[in-house]
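Listing of coords17.pdb; format and content: PDB, C-alpha atoms, pLDDT in the B column.
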ATOM      1  CA  MET Y   1      24.122  99.601  74.725  1.00 41.00           C
ATOM      2  CA  LEU Y   2      23.617  99.773  71.001  1.00 42.00           C
ATOM      3  CA  SER Y   3      27.245 100.763  70.452  1.00 63.00           C
ATOM      4  CA  GLU Y   4      30.467  99.264  71.670  1.00 79.00           C
ATOM      5  CA  PRO Y   5      31.890 100.850  74.805  1.00 92.00           C
ATOM      6  CA  ARG Y   6      35.249 102.454  74.116  1.00 96.00           C
ATOM      7  CA  ALA Y   7      36.695 100.284  76.865  1.00 97.00           C
ATOM      8  CA  GLY Y   8      35.522  97.248  74.917  1.00 96.00           C
ATOM      9  CA  ARG Y   9      37.273  98.355  71.733  1.00 95.00           C
ATOM     10  CA  LEU Y  10      40.483  99.133  73.609  1.00 97.00           C
ATOM     11  CA  ALA Y  11      40.475  95.797  75.420  1.00 97.00           C
ATOM     12  CA  ALA Y  12      39.558  93.733  72.356  1.00 96.00           C
ATOM     13  CA  TRP Y  13      42.141  95.230  70.009  1.00 97.00           C
ATOM     14  CA  GLY Y  14      44.723  95.517  72.767  1.00 97.00           C
ATOM     15  CA  ASN Y  15      44.338  91.796  73.398  1.00 97.00           C
ATOM     16  CA  ALA Y  16      44.725  91.108  69.674  1.00 96.00           C
ATOM     17  CA  LEU Y  17      47.938  93.143  69.708  1.00 96.00           C
ATOM     18  CA  ILE Y  18      49.286  91.325  72.769  1.00 95.00           C
ATOM     19  CA  ALA Y  19      48.592  88.025  70.991  1.00 94.00           C
ATOM     20  CA  HIS Y  20      50.539  89.288  67.928  1.00 94.00           C
ATOM     21  CA  MET Y  21      47.452  89.061  65.701  1.00 95.00           C
ATOM     22  CA  VAL Y  22      47.438  92.713  64.620  1.00 96.00           C
ATOM     23  CA  SER Y  23      50.003  95.490  64.282  1.00 95.00           C
ATOM     24  CA  PRO Y  24      50.177  98.375  66.789  1.00 94.00           C
ATOM     25  CA  ASP Y  25      48.989 100.854  64.159  1.00 95.00           C
ATOM     26  CA  ASP Y  26      46.032  98.672  63.139  1.00 96.00           C
ATOM     27  CA  ALA Y  27      45.056  98.127  66.776  1.00 96.00           C
ATOM     28  CA  ALA Y  28      45.186 101.847  67.520  1.00 96.00           C
ATOM     29  CA  ALA Y  29      43.149 102.704  64.404  1.00 95.00           C
ATOM     30  CA  ALA Y  30      40.461 100.185  65.357  1.00 95.00           C
ATOM     31  CA  VAL Y  31      40.211 101.593  68.888  1.00 96.00           C
ATOM     32  CA  VAL Y  32      39.924 105.195  67.686  1.00 95.00           C
ATOM     33  CA  GLY Y  33      37.213 104.258  65.186  1.00 92.00           C
ATOM     34  CA  GLU Y  34      35.174 107.325  64.281  1.00 90.00           C
ATOM     35  CA  ASP Y  35      36.676 109.467  67.047  1.00 94.00           C
ATOM     36  CA  ALA Y  36      39.189 112.157  66.113  1.00 93.00           C
ATOM     37  CA  VAL Y  37      42.015 111.095  68.401  1.00 94.00           C
ATOM     38  CA  HIS Y  38      42.771 109.081  71.546  1.00 97.00           C
ATOM     39  CA  ARG Y  39      45.592 109.884  73.972  1.00 97.00           C
ATOM     40  CA  VAL Y  40      46.804 108.237  77.170  1.00 98.00           C
ATOM     41  CA  GLU Y  41      47.722 110.408  80.156  1.00 97.00           C
ATOM     42  CA  GLY Y  42      49.649 109.323  83.248  1.00 97.00           C
ATOM     43  CA  LEU Y  43      51.440 106.406  81.638  1.00 96.00           C
ATOM     44  CA  PRO Y  44      54.500 105.406  83.698  1.00 95.00           C
ATOM     45  CA  GLY Y  45      57.652 106.831  82.162  1.00 91.00           C
ATOM     46  CA  GLU Y  46      55.813 109.536  80.197  1.00 93.00           C
ATOM     47  CA  ASP Y  47      55.534 113.155  81.352  1.00 92.00           C
ATOM     48  CA  ALA Y  48      52.881 114.089  78.785  1.00 95.00           C
ATOM     49  CA  PRO Y  49      49.941 112.395  77.058  1.00 96.00           C
ATOM     50  CA  VAL Y  50      50.959 109.966  74.308  1.00 97.00           C
ATOM     51  CA  GLY Y  51      49.200 108.407  71.349  1.00 96.00           C
ATOM     52  CA  LEU Y  52      47.560 104.988  71.465  1.00 96.00           C
ATOM     53  CA  THR Y  53      50.204 103.227  69.392  1.00 96.00           C
ATOM     54  CA  LEU Y  54      52.968 104.196  71.794  1.00 96.00           C
ATOM     55  CA  ALA Y  55      50.757 103.609  74.833  1.00 96.00           C
ATOM     56  CA  LEU Y  56      49.811 100.069  73.823  1.00 95.00           C
ATOM     57  CA  GLY Y  57      53.441  99.193  73.245  1.00 93.00           C
ATOM     58  CA  ARG Y  58      54.465 100.698  76.571  1.00 94.00           C
ATOM     59  CA  LEU Y  59      51.759  98.803  78.462  1.00 95.00           C
ATOM     60  CA  ARG Y  60      52.973  95.562  76.932  1.00 93.00           C
ATOM     61  CA  ALA Y  61      56.556  96.439  77.932  1.00 94.00           C
ATOM     62  CA  LEU Y  62      55.354  97.156  81.472  1.00 94.00           C
ATOM     63  CA  GLY Y  63      54.076  93.581  81.732  1.00 95.00           C
ATOM     64  CA  ALA Y  64      50.477  93.768  80.535  1.00 96.00           C
ATOM     65  CA  SER Y  65      49.548  90.225  79.501  1.00 95.00           C
ATOM     66  CA  GLY Y  66      45.920  91.020  78.718  1.00 95.00           C
ATOM     67  CA  LEU Y  67      43.249  93.703  78.963  1.00 97.00           C
ATOM     68  CA  ARG Y  68      39.860  93.266  80.561  1.00 96.00           C
ATOM     69  CA  ILE Y  69      36.994  95.710  80.937  1.00 97.00           C
ATOM     70  CA  ALA Y  70      34.725  96.948  83.677  1.00 97.00           C
ATOM     71  CA  LEU Y  71      31.234  98.371  83.107  1.00 96.00           C
ATOM     72  CA  PRO Y  72      30.213  99.553  86.585  1.00 96.00           C
ATOM     73  CA  ALA Y  73      26.940 101.178  87.568  1.00 94.00           C
ATOM     74  CA  PRO Y  74      25.754 102.603  90.898  1.00 94.00           C
ATOM     75  CA  GLY Y  75      25.570  99.747  93.374  1.00 93.00           C
ATOM     76  CA  HIS Y  76      27.184  97.327  90.923  1.00 93.00           C
ATOM     77  CA  PRO Y  77      31.020  97.568  90.614  1.00 95.00           C
ATOM     78  CA  LEU Y  78      31.029  95.150  87.680  1.00 95.00           C
ATOM     79  CA  GLY Y  79      34.579  94.172  86.684  1.00 95.00           C
ATOM     80  CA  LEU Y  80      36.344  96.392  89.213  1.00 96.00           C
ATOM     81  CA  SER Y  81      38.901  95.309  91.800  1.00 93.00           C
ATOM     82  CA  GLY Y  82      39.930  98.600  93.434  1.00 94.00           C
ATOM     83  CA  PRO Y  83      41.359 100.735  94.837  1.00 96.00           C
ATOM     84  CA  PRO Y  84      38.476 103.081  95.709  1.00 96.00           C
ATOM     85  CA  GLU Y  85      40.003 106.013  93.802  1.00 95.00           C
ATOM     86  CA  PHE Y  86      40.085 104.044  90.562  1.00 97.00           C
ATOM     87  CA  ASN Y  87      36.641 102.567  91.170  1.00 97.00           C
ATOM     88  CA  ALA Y  88      35.144 106.026  91.689  1.00 97.00           C
ATOM     89  CA  ARG Y  89      36.604 107.337  88.448  1.00 97.00           C
ATOM     90  CA  ALA Y  90      35.497 104.228  86.539  1.00 98.00           C
ATOM     91  CA  LEU Y  91      31.989 104.517  87.970  1.00 97.00           C
ATOM     92  CA  GLU Y  92      31.765 108.137  86.832  1.00 97.00           C
ATOM     93  CA  ALA Y  93      32.804 107.126  83.295  1.00 97.00           C
ATOM     94  CA  GLU Y  94      30.706 103.916  83.463  1.00 96.00           C
ATOM     95  CA  GLU Y  95      33.603 101.981  81.903  1.00 97.00           C
ATOM     96  CA  ALA Y  96      37.285 101.195  82.346  1.00 98.00           C
ATOM     97  CA  VAL Y  97      40.080  98.923  81.150  1.00 98.00           C
ATOM     98  CA  ILE Y  98      42.274  96.945  83.560  1.00 97.00           C
ATOM     99  CA  CYS Y  99      45.705  95.649  82.538  1.00 97.00           C
ATOM    100  CA  GLU Y 100      46.418  92.111  83.695  1.00 94.00           C
ATOM    101  CA  GLY Y 101      50.004  91.770  84.927  1.00 93.00           C
ATOM    102  CA  ALA Y 102      50.752  95.494  85.083  1.00 94.00           C
ATOM    103  CA  ALA Y 103      48.544  96.738  87.985  1.00 94.00           C
ATOM    104  CA  LEU Y 104      47.333  99.636  85.846  1.00 97.00           C
ATOM    105  CA  GLY Y 105      43.921 100.750  84.702  1.00 98.00           C
ATOM    106  CA  LEU Y 106      42.625 103.159  82.078  1.00 98.00           C
ATOM    107  CA  VAL Y 107      39.515 105.321  82.352  1.00 98.00           C
ATOM    108  CA  PRO Y 108      38.266 107.352  79.368  1.00 98.00           C
ATOM    109  CA  GLU Y 109      37.330 111.006  79.468  1.00 97.00           C
ATOM    110  CA  VAL Y 110      35.449 112.131  76.366  1.00 95.00           C
ATOM    111  CA  TYR Y 111      35.552 115.645  74.916  1.00 93.00           C
ATOM    112  CA  GLU Y 112      33.354 116.955  72.113  1.00 90.00           C
ATOM    113  CA  ALA Y 113      34.263 120.047  70.110  1.00 84.00           C
ATOM    114  CA  GLY Y 114      33.154 121.814  66.968  1.00 82.00           C
ATOM    115  CA  PRO Y 115      29.923 123.362  65.631  1.00 83.00           C
ATOM    116  CA  GLU Y 116      26.664 121.462  65.380  1.00 80.00           C
ATOM    117  CA  GLY Y 117      26.827 119.023  62.505  1.00 77.00           C
ATOM    118  CA  ASP Y 118      30.621 118.941  62.573  1.00 82.00           C
ATOM    119  CA  VAL Y 119      31.384 117.752  66.093  1.00 84.00           C
ATOM    120  CA  HIS Y 120      34.568 115.760  66.605  1.00 90.00           C
ATOM    121  CA  VAL Y 121      35.350 113.591  69.599  1.00 92.00           C
ATOM    122  CA  GLU Y 122      38.637 113.392  71.459  1.00 95.00           C
ATOM    123  CA  VAL Y 123      39.289 110.827  74.190  1.00 97.00           C
ATOM    124  CA  VAL Y 124      41.872 111.000  76.967  1.00 97.00           C
ATOM    125  CA  TRP Y 125      42.536 107.727  78.777  1.00 98.00           C
ATOM    126  CA  HIS Y 126      43.698 108.352  82.350  1.00 98.00           C
ATOM    127  CA  CYS Y 127      46.197 105.692  83.458  1.00 98.00           C
ATOM    128  CA  LEU Y 128      45.960 104.920  87.189  1.00 97.00           C
ATOM    129  CA  PRO Y 129      47.146 102.211  89.608  1.00 97.00           C
ATOM    130  CA  VAL Y 130      44.752  99.322  90.240  1.00 97.00           C
ATOM    131  CA  ARG Y 131      44.622  96.525  92.753  1.00 95.00           C
ATOM    132  CA  GLU Y 132      45.553  93.081  91.462  1.00 89.00           C
ATOM    133  CA  ALA Y 133      42.549  91.065  92.611  1.00 89.00           C
ATOM    134  CA  PRO Y 134      39.684  89.097  91.023  1.00 87.00           C
ATOM    135  CA  PRO Y 135      37.177  91.406  89.267  1.00 90.00           C
ATOM    136  CA  ALA Y 136      33.749  91.865  90.801  1.00 87.00           C
ATOM    137  CA  ASP Y 137      30.731  89.876  89.573  1.00 89.00           C
ATOM    138  CA  VAL Y 138      32.038  88.771  86.153  1.00 92.00           C
ATOM    139  CA  PRO Y 139      30.354  85.575  84.876  1.00 92.00           C
ATOM    140  CA  SER Y 140      31.788  82.947  82.573  1.00 92.00           C
ATOM    141  CA  LEU Y 141      30.727  82.996  78.930  1.00 92.00           C
ATOM    142  CA  GLY Y 142      28.492  79.994  79.538  1.00 92.00           C
ATOM    143  CA  GLU Y 143      26.785  81.639  82.508  1.00 93.00           C
ATOM    144  CA  ALA Y 144      26.360  84.885  80.574  1.00 93.00           C
ATOM    145  CA  GLU Y 145      24.782  83.116  77.616  1.00 91.00           C
ATOM    146  CA  ARG Y 146      22.253  81.301  79.812  1.00 91.00           C
ATOM    147  CA  GLU Y 147      21.406  84.476  81.730  1.00 90.00           C
ATOM    148  CA  LEU Y 148      20.912  86.415  78.496  1.00 86.00           C
ATOM    149  CA  ALA Y 149      18.563  83.862  76.994  1.00 84.00           C
ATOM    150  CA  GLU Y 150      16.408  83.957  80.133  1.00 85.00           C
ATOM    151  CA  ALA Y 151      16.541  87.761  80.361  1.00 79.00           C
ATOM    152  CA  LEU Y 152      15.542  88.192  76.723  1.00 75.00           C
ATOM    153  CA  ARG Y 153      12.561  85.888  77.136  1.00 78.00           C
ATOM    154  CA  ASP Y 154      11.407  87.406  80.424  1.00 74.00           C
ATOM    155  CA  ALA Y 155      11.859  91.010  79.299  1.00 68.00           C
ATOM    156  CA  THR Y 156      10.002  90.443  76.048  1.00 70.00           C
ATOM    157  CA  GLU Y 157       7.068  88.877  77.889  1.00 72.00           C
ATOM    158  CA  VAL Y 158       6.820  91.626  80.495  1.00 65.00           C
ATOM    159  CA  LEU Y 159       7.344  94.549  78.142  1.00 64.00           C
ATOM    160  CA  THR Y 160       4.918  93.171  75.574  1.00 69.00           C
ATOM    161  CA  ARG Y 161       2.282  92.755  78.270  1.00 66.00           C
ATOM    162  CA  LEU Y 162       2.875  96.378  79.326  1.00 60.00           C
ATOM    163  CA  ASP Y 163       2.842  97.532  75.680  1.00 60.00           C
ATOM    164  CA  VAL Y 164       6.275  99.171  75.960  1.00 52.00           C
ATOM    165  CA  ALA Y 165       8.424  96.808  73.924  1.00 45.00           C
ATOM    166  CA  GLY Y 166       8.838  99.507  71.278  1.00 49.00           C
ATOM    167  CA  SER Y 167       6.796 100.672  68.321  1.00 43.00           C
ATOM    168  CA  GLY Y 168       6.723 103.429  65.755  1.00 44.00           C
ATOM    169  CA  PRO Y 169       9.418 104.842  63.452  1.00 45.00           C
ATOM    170  CA  VAL Y 170      12.022 105.507  66.162  1.00 42.00           C
ATOM    171  CA  ALA Y 171      11.850 101.956  67.436  1.00 46.00           C
ATOM    172  CA  GLU Y 172      11.863 100.546  63.913  1.00 49.00           C
ATOM    173  CA  ALA Y 173      14.955 102.578  63.039  1.00 47.00           C
ATOM    174  CA  ALA Y 174      16.741 101.322  66.157  1.00 47.00           C
ATOM    175  CA  VAL Y 175      15.876  97.722  65.340  1.00 52.00           C
ATOM    176  CA  ALA Y 176      17.111  98.205  61.774  1.00 54.00           C
ATOM    177  CA  ALA Y 177      20.376  99.652  63.077  1.00 49.00           C
ATOM    178  CA  TYR Y 178      20.858  96.662  65.354  1.00 49.00           C
ATOM    179  CA  ARG Y 179      20.170  94.213  62.545  1.00 54.00           C
ATOM    180  CA  ALA Y 180      22.647  95.967  60.247  1.00 52.00           C
ATOM    181  CA  ARG Y 181      25.256  95.761  62.978  1.00 51.00           C
ATOM    182  CA  ALA Y 182      24.521  92.103  63.683  1.00 51.00           C
ATOM    183  CA  GLU Y 183      24.938  91.276  60.001  1.00 54.00           C
ATOM    184  CA  ARG Y 184      28.509  92.550  60.202  1.00 49.00           C
ATOM    185  CA  GLY Y 185      29.044  89.780  62.721  1.00 44.00           C
ATOM    186  CA  ARG Y 186      32.636  89.492  63.776  1.00 41.00           C
ATOM    187  CA  GLU Y 187      33.337  93.194  63.462  1.00 56.00           C
ATOM    188  CA  VAL Y 188      32.080  93.529  67.033  1.00 67.00           C
ATOM    189  CA  LEU Y 189      35.269  91.910  68.342  1.00 87.00           C
ATOM    190  CA  ALA Y 190      38.903  91.650  67.328  1.00 94.00           C
ATOM    191  CA  PRO Y 191      40.933  88.711  65.967  1.00 94.00           C
ATOM    192  CA  GLY Y 192      41.552  85.949  68.490  1.00 93.00           C
ATOM    193  CA  TYR Y 193      38.149  85.937  70.176  1.00 94.00           C
ATOM    194  CA  PRO Y 194      36.205  82.652  70.189  1.00 91.00           C
ATOM    195  CA  PRO Y 195      32.910  82.438  68.254  1.00 92.00           C
ATOM    196  CA  ARG Y 196      31.017  82.016  71.515  1.00 92.00           C
ATOM    197  CA  ALA Y 197      32.263  85.400  72.725  1.00 94.00           C
ATOM    198  CA  VAL Y 198      31.006  87.007  69.510  1.00 91.00           C
ATOM    199  CA  ARG Y 199      27.626  85.313  69.967  1.00 89.00           C
ATOM    200  CA  VAL Y 200      27.326  86.389  73.603  1.00 91.00           C
ATOM    201  CA  LEU Y 201      28.279  89.978  72.815  1.00 92.00           C
ATOM    202  CA  GLU Y 202      25.773  90.232  69.975  1.00 86.00           C
ATOM    203  CA  LEU Y 203      23.003  88.821  72.168  1.00 84.00           C
ATOM    204  CA  ALA Y 204      23.958  91.231  74.962  1.00 87.00           C
ATOM    205  CA  GLN Y 205      23.663  94.115  72.513  1.00 82.00           C
ATOM    206  CA  ARG Y 206      20.253  92.853  71.391  1.00 77.00           C
ATOM    207  CA  VAL Y 207      19.066  92.705  74.998  1.00 78.00           C
ATOM    208  CA  GLY Y 208      20.523  96.161  75.555  1.00 78.00           C
ATOM    209  CA  MET Y 209      18.582  97.398  72.541  1.00 74.00           C
ATOM    210  CA  LEU Y 210      15.307  96.242  74.110  1.00 71.00           C
ATOM    211  CA  VAL Y 211      16.181  98.015  77.349  1.00 74.00           C
ATOM    212  CA  SER Y 212      17.050 101.210  75.472  1.00 71.00           C
ATOM    213  CA  LEU Y 213      13.846 101.155  73.445  1.00 69.00           C
ATOM    214  CA  ALA Y 214      11.682 100.568  76.488  1.00 67.00           C
ATOM    215  CA  SER Y 215      13.498 103.302  78.433  1.00 63.00           C
ATOM    216  CA  GLU Y 216      13.415 105.909  75.659  1.00 59.00           C
ATOM    217  CA  ASN Y 217       9.837 105.456  74.410  1.00 55.00           C
ATOM    218  CA  GLY Y 218       8.136 107.372  77.185  1.00 50.00           C
ATOM    219  CA  HIS Y 219       5.449 105.632  79.174  1.00 50.00           C
ATOM    220  CA  GLY Y 220       3.983 103.728  76.228  1.00 50.00           C
ATOM    221  CA  GLY Y 221       1.007 101.727  77.371  1.00 50.00           C
ATOM    222  CA  ALA Y 222       2.152 101.688  81.000  1.00 47.00           C
ATOM    223  CA  VAL Y 223      -0.312 104.341  82.103  1.00 51.00           C
ATOM    224  CA  SER Y 224      -0.603 103.523  85.787  1.00 64.00           C
ATOM    225  CA  ALA Y 225       2.037 103.993  88.468  1.00 68.00           C
ATOM    226  CA  SER Y 226       2.006 100.267  89.170  1.00 70.00           C
ATOM    227  CA  GLU Y 227       2.583  99.463  85.496  1.00 64.00           C
ATOM    228  CA  MET Y 228       5.435 101.956  85.268  1.00 65.00           C
ATOM    229  CA  ALA Y 229       6.969 100.442  88.401  1.00 69.00           C
ATOM    230  CA  ALA Y 230       6.586  96.977  86.877  1.00 67.00           C
ATOM    231  CA  ARG Y 231       8.412  98.119  83.767  1.00 68.00           C
ATOM    232  CA  GLY Y 232      11.271  99.487  85.884  1.00 70.00           C
ATOM    233  CA  ASP Y 233      11.414  96.281  87.885  1.00 73.00           C
ATOM    234  CA  ALA Y 234      11.604  94.301  84.634  1.00 72.00           C
ATOM    235  CA  LEU Y 235      14.313  96.447  83.059  1.00 77.00           C
ATOM    236  CA  ARG Y 236      16.782  96.740  85.946  1.00 81.00           C
ATOM    237  CA  PRO Y 237      17.817  93.077  86.149  1.00 84.00           C
ATOM    238  CA  VAL Y 238      17.833  92.770  82.359  1.00 83.00           C
ATOM    239  CA  GLU Y 239      20.177  95.737  81.970  1.00 86.00           C
ATOM    240  CA  ARG Y 240      22.436  94.240  84.645  1.00 90.00           C
ATOM    241  CA  VAL Y 241      22.530  90.875  82.861  1.00 91.00           C
ATOM    242  CA  ALA Y 242      23.397  92.550  79.538  1.00 90.00           C
ATOM    243  CA  ARG Y 243      26.288  94.470  81.099  1.00 92.00           C
ATOM    244  CA  ARG Y 244      27.608  91.317  82.787  1.00 94.00           C
ATOM    245  CA  ALA Y 245      27.499  89.497  79.463  1.00 94.00           C
ATOM    246  CA  GLN Y 246      29.383  92.247  77.650  1.00 94.00           C
ATOM    247  CA  VAL Y 247      32.152  92.104  80.247  1.00 96.00           C
ATOM    248  CA  ALA Y 248      32.292  88.301  80.000  1.00 96.00           C
ATOM    249  CA  ALA Y 249      32.627  88.491  76.213  1.00 95.00           C
ATOM    250  CA  TYR Y 250      35.357  91.122  76.127  1.00 96.00           C
ATOM    251  CA  ASN Y 251      37.292  89.445  78.946  1.00 96.00           C
ATOM    252  CA  SER Y 252      36.999  85.912  77.580  1.00 95.00           C
ATOM    253  CA  VAL Y 253      40.411  85.726  75.914  1.00 93.00           C
ATOM    254  CA  VAL Y 254      42.120  86.891  79.108  1.00 92.00           C
ATOM    255  CA  VAL Y 255      40.247  84.259  81.103  1.00 86.00           C
ATOM    256  CA  GLU Y 256      41.202  81.553  78.606  1.00 79.00           C
ATOM    257  CA  ARG Y 257      44.868  82.533  78.724  1.00 75.00           C
ATOM    258  CA  GLY Y 258      44.815  82.315  82.513  1.00 65.00           C
ATOM    259  CA  MET Y 259      43.483  78.755  82.363  1.00 52.00           C
ATOM    260  CA  ARG Y 260      46.309  77.489  80.176  1.00 54.00           C
TER     261      ARG Y 260
END

Structure translated into structure tokens:
Amino acid sequence: MLSEPRAGRLAAWGNALIAHMVSPDDAAAAVVGEDAVHRVEGLPGEDAPVGLTLALGRLRALGASGLRIALPAPGHPLGLSGPPEFNARALEAEEAVICEGAALGLVPEVYEAGPEGDVHVEVVWHCLPVREAPPADVPSLGEAERELAEALRDATEVLTRLDVAGSGPVAEAAVAAYRARAERGREVLAPGYPPRAVRVLELAQRVGMLVSLASENGHGGAVSASEMAARGDALRPVERVARRAQVAAYNSVVVERGMR
């Protein structure tokens, strides 16, 4: 959770494009980021994969009025609305983008190529039909912010007591990376997003950082089976809350448009 999901970048900059706040080329460049190239496969009216600039314009022409994301996990179809075929593919990728008004969804497939030290990443977005229905388990920004504040407090207390909150050079480097990212502030979202969405997303990433550190640092001080089980019990709901908050932040502009 320390980095933006690709679905988040696509939804955020796609929404900025739909709102006429950025150009198609700028939106596509922001989505690609440090990857080598992104293509969209299965787009209606196209027999072959197309580039992001063309794909974003075509989705808008097909009626897409906004893009929202899903970040599902086993047992938690967060942000999905069906059908089962799309849900299964999104669950395998752990992320997806759903087009409001166009009944289409996009699921990324990531390919890495090249020698060690010079690996480049290519992404193919598979365009598939989706069901037009309310997304599963997505909170409002206000709900997400309250849940995050509670989760951060509870997780810090439990993990500190178990001596697994993170220590040593690896943890310190991860914390430094988070702080550097947080200082960039509004780079985590695209033009048009409200300040509260930026705040919620940054807090979600901070909570996600704690979960990652606790998960990656071995058993730490949790030497007994009961302590390890307690750590797992503490992390699962926190990770769920952080994912829900990310979805709420990325989807906030679509929700606001629907209320007008």

Could you state the separation of atom CA of Y:Ala204 and atom CA of Y:Trp125 in Å, given to one decimal place?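 So the two atoms, atom CA of Y:Ala204 and atom CA of Y:Trp125, lie 25.1 Å apart.
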
Residues selected by the PyMOL selection byres ((chain Y and resi 95) around 8), written as number ranges by chain: Y: 5-7, 69-72, 90-91, 93-94, 96-97, 107-108

Test item: the PyMOL selection byres ((chain Y and resi 42) around 10) resolved as a JSON list (two decimals) with C-alpha atoms, keeping the file's coordinate frame:
[["chain", "number", "residue", "atom", "x", "y", "z"],
["Y", 40, "VAL", "CA", 46.80, 108.24, 77.17],
["Y", 41, "GLU", "CA", 47.72, 110.41, 80.16],
["Y", 43, "LEU", "CA", 51.44, 106.41, 81.64],
["Y", 44, "PRO", "CA", 54.50, 105.41, 83.70],
["Y", 45, "GLY", "CA", 57.65, 106.83, 82.16],
["Y", 46, "GLU", "CA", 55.81, 109.54, 80.20],
["Y", 47, "ASP", "CA", 55.53, 113.16, 81.35],
["Y", 48, "ALA", "CA", 52.88, 114.09, 78.78],
["Y", 49, "PRO", "CA", 49.94, 112.40, 77.06],
["Y", 50, "VAL", "CA", 50.96, 109.97, 74.31],
["Y", 106, "LEU", "CA", 42.62, 103.16, 82.08],
["Y", 125, "TRP", "CA", 42.54, 107.73, 78.78],
["Y", 126, "HIS", "CA", 43.70, 108.35, 82.35],
["Y", 127, "CYS", "CA", 46.20, 105.69, 83.46],
["Y", 128, "LEU", "CA", 45.96, 104.92, 87.19],
["Y", 129, "PRO", "CA", 47.15, 102.21, 89.61]]

If you apply the PyMOL selection byres ((chain Y and resi 35) around 7) to this file, what residues do you get, as a list in words?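 For this structure, the PyMOL selection byres ((chain Y and resi 35) around 7) captures Val32, Gly33, Glu34, Ala36, Val37, His120, Val121 and Glu122 of chain Y.
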
Applying 12 Å and all atoms listed in the file, which residues near Y:Pro139 remain after dropping the ones on its own chain fewer than 5 positions away? List them as a ChimeraX atom specification. /Y:78-79,134,144-148,200,240-252,255

For Y:Glu100, the nearest of the candidates Y:Leu10, Y:Leu59, Y:Ala234, Y:Val22, counting all atoms listed in the file: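 Looking only at the distances to Y:Glu100, the closest residue turns out to be Y:Leu59.
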
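Each of Y:Gly117, Y:Leu210, Y:Leu201, Y:Ala149 was compared to Y:Gly8 using all atoms listed in the file, and Y:Leu201 turns out to be the nearest.
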
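Relative to atom CA of Y:Arg39, atom CA of Y:Val123 is found at 6.4 Å.
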
Could you check which of Y:Gly105, Y:Gly57, Y:Gly63, Y:Pro194 is closest to Y:Leu80, using all atoms listed in the file?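 For Y:Leu80, the nearest of the given residues is Y:Gly105.
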
Excluding Y:His20 and its own-chain neighbours fewer than 4 positions away, which residues fall within 10 Å of it when counting all atoms listed in the file? Please give them as number ranges by chain. Y: 14-16, 24, 191-192

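Computed from the coordinates, the atom CA of Y:Ala103 to atom CA of Y:Val130 distance equals 5.1 Å.
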